[in-house]
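Okay, so here's the structure we're looking at.
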Amino acid sequence: MTQITLNIPDSELSFFMKLIEKFNYETVNNEFSATEEMKNMLDERRSTSKTDDFIPWNEAKTQLRFKSEK
């Protein structure tokens with residue numbers, strides 16, 4: 001598999017996202033790191049969550065909405 005990293009100007013992001021939706025792609029963000037507080041909160045949520053409440057990723061990603069650029 002080939003990976004490509006692109007720097008897209010903010011003014012062109014909306015156009016690019018519409019174009020890229022036509023392809024099979026995976027978004028990767030390597031700039032995120034979780035604090036210990038975040039990790040603890042996630043661990044707590046995992047321990048109290050119920051499998052019945054889970055939504056498959058393919059369904060969940062269709063529910064995501066991005067703020068429109070102004």
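Letters for chains follow the order of the structure tokens (A, B, ...), residue numbers begin at 1 for each chain, and ligand numbers begin at 1 in the order shown.
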task: Give me every alpha helix (DSSP H) residue in chain A, going by DSSP on the backbone, as a list in words.
output: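 Selection result, alpha helix (DSSP H) within chain A: Asp10, Ser11, Glu12, Leu13, Ser14, Phe15, Phe16, Met17, Lys18, Leu19, Ile20, Glu36, Glu37, Met38, Lys39, Asn40, Met41, Leu42, Asp43, Glu44, Arg45, Arg46, Ser47, Thr48, Trp57, Asn58, Glu59 and Ala60 of chain A.
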Output the selection as a short mmCIF file (atom, residue, chain, number, x, y, z; two decimals), in the first residue's frame - N, CA, C and O atoms for each residue.
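Resulting contents of result18.cif:
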```cif
data_model
loop_
_atom_site.label_atom_id
_atom_site.label_comp_id
_atom_site.auth_asym_id
_atom_site.auth_seq_id
_atom_site.Cartn_x
_atom_site.Cartn_y
_atom_site.Cartn_z
N ASP A 10 -6.72 25.60 3.94
CA ASP A 10 -8.06 25.61 4.54
C ASP A 10 -9.13 26.02 3.53
O ASP A 10 -10.23 25.48 3.53
N SER A 11 -8.80 26.94 2.66
CA SER A 11 -9.78 27.43 1.68
C SER A 11 -10.16 26.36 0.66
O SER A 11 -11.18 26.47 0.00
N GLU A 12 -9.35 25.32 0.51
CA GLU A 12 -9.61 24.26 -0.47
C GLU A 12 -10.07 22.96 0.18
O GLU A 12 -10.35 21.99 -0.51
N LEU A 13 -10.14 22.92 1.51
CA LEU A 13 -10.45 21.68 2.21
C LEU A 13 -11.82 21.13 1.84
O LEU A 13 -11.98 19.93 1.60
N SER A 14 -12.82 21.98 1.79
CA SER A 14 -14.18 21.53 1.46
C SER A 14 -14.21 20.86 0.08
O SER A 14 -14.77 19.77 -0.07
N PHE A 15 -13.61 21.49 -0.90
CA PHE A 15 -13.55 20.92 -2.25
C PHE A 15 -12.81 19.58 -2.24
O PHE A 15 -13.26 18.60 -2.82
N PHE A 16 -11.67 19.54 -1.55
CA PHE A 16 -10.88 18.32 -1.51
C PHE A 16 -11.65 17.18 -0.86
O PHE A 16 -11.63 16.05 -1.35
N MET A 17 -12.36 17.45 0.25
CA MET A 17 -13.10 16.41 0.94
C MET A 17 -14.22 15.86 0.05
O MET A 17 -14.47 14.65 0.04
N LYS A 18 -14.89 16.72 -0.71
CA LYS A 18 -15.92 16.25 -1.64
C LYS A 18 -15.30 15.35 -2.70
O LYS A 18 -15.88 14.33 -3.08
N LEU A 19 -14.14 15.72 -3.18
CA LEU A 19 -13.46 14.92 -4.20
C LEU A 19 -13.00 13.58 -3.64
O LEU A 19 -13.23 12.53 -4.24
N ILE A 20 -12.40 13.59 -2.47
CA ILE A 20 -11.81 12.38 -1.91
C ILE A 20 -12.86 11.38 -1.44
O ILE A 20 -12.59 10.19 -1.34
N GLU A 36 -2.88 11.52 30.74
CA GLU A 36 -3.24 10.45 31.68
C GLU A 36 -4.70 10.60 32.11
O GLU A 36 -5.41 9.61 32.26
N GLU A 37 -5.13 11.84 32.29
CA GLU A 37 -6.53 12.08 32.68
C GLU A 37 -7.48 11.56 31.60
O GLU A 37 -8.49 10.92 31.91
N MET A 38 -7.15 11.81 30.34
CA MET A 38 -7.98 11.32 29.23
C MET A 38 -8.00 9.79 29.20
O MET A 38 -9.05 9.18 29.02
N LYS A 39 -6.82 9.19 29.38
CA LYS A 39 -6.73 7.73 29.36
C LYS A 39 -7.56 7.11 30.49
O LYS A 39 -8.25 6.12 30.28
N ASN A 40 -7.48 7.73 31.68
CA ASN A 40 -8.27 7.23 32.82
C ASN A 40 -9.76 7.34 32.54
O ASN A 40 -10.53 6.43 32.86
N MET A 41 -10.18 8.45 31.94
CA MET A 41 -11.59 8.63 31.63
C MET A 41 -12.06 7.59 30.62
O MET A 41 -13.13 7.00 30.77
N LEU A 42 -11.25 7.33 29.60
CA LEU A 42 -11.60 6.32 28.60
C LEU A 42 -11.66 4.93 29.22
O LEU A 42 -12.57 4.15 28.91
N ASP A 43 -10.71 4.62 30.10
CA ASP A 43 -10.73 3.32 30.79
C ASP A 43 -12.01 3.15 31.60
O ASP A 43 -12.62 2.09 31.60
N GLU A 44 -12.40 4.22 32.30
CA GLU A 44 -13.64 4.17 33.10
C GLU A 44 -14.85 3.95 32.19
O GLU A 44 -15.72 3.15 32.49
N ARG A 45 -14.90 4.68 31.08
CA ARG A 45 -16.03 4.53 30.16
C ARG A 45 -16.09 3.12 29.58
O ARG A 45 -17.17 2.55 29.42
N ARG A 46 -14.93 2.55 29.26
CA ARG A 46 -14.90 1.18 28.74
C ARG A 46 -15.42 0.19 29.77
O ARG A 46 -16.14 -0.75 29.44
N SER A 47 -15.05 0.39 31.02
CA SER A 47 -15.43 -0.57 32.06
C SER A 47 -16.93 -0.50 32.39
O SER A 47 -17.49 -1.47 32.88
N THR A 48 -17.58 0.63 32.12
CA THR A 48 -19.00 0.76 32.45
C THR A 48 -19.89 0.71 31.21
O THR A 48 -21.11 0.82 31.33
N TRP A 57 -18.81 1.11 13.36
CA TRP A 57 -18.13 2.27 12.79
C TRP A 57 -18.76 2.70 11.47
O TRP A 57 -18.94 3.89 11.21
N ASN A 58 -19.11 1.75 10.60
CA ASN A 58 -19.70 2.12 9.31
C ASN A 58 -20.98 2.92 9.48
O ASN A 58 -21.28 3.81 8.68
N GLU A 59 -21.74 2.63 10.52
CA GLU A 59 -22.96 3.39 10.80
C GLU A 59 -22.62 4.72 11.48
O GLU A 59 -23.18 5.76 11.15
N ALA A 60 -21.71 4.69 12.43
CA ALA A 60 -21.36 5.90 13.19
C ALA A 60 -20.77 6.98 12.29
O ALA A 60 -21.11 8.16 12.43
#
```
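When atom CA of A:Lys22 is paired with atom CA of A:Thr62, their separation reads 14.5 Å.
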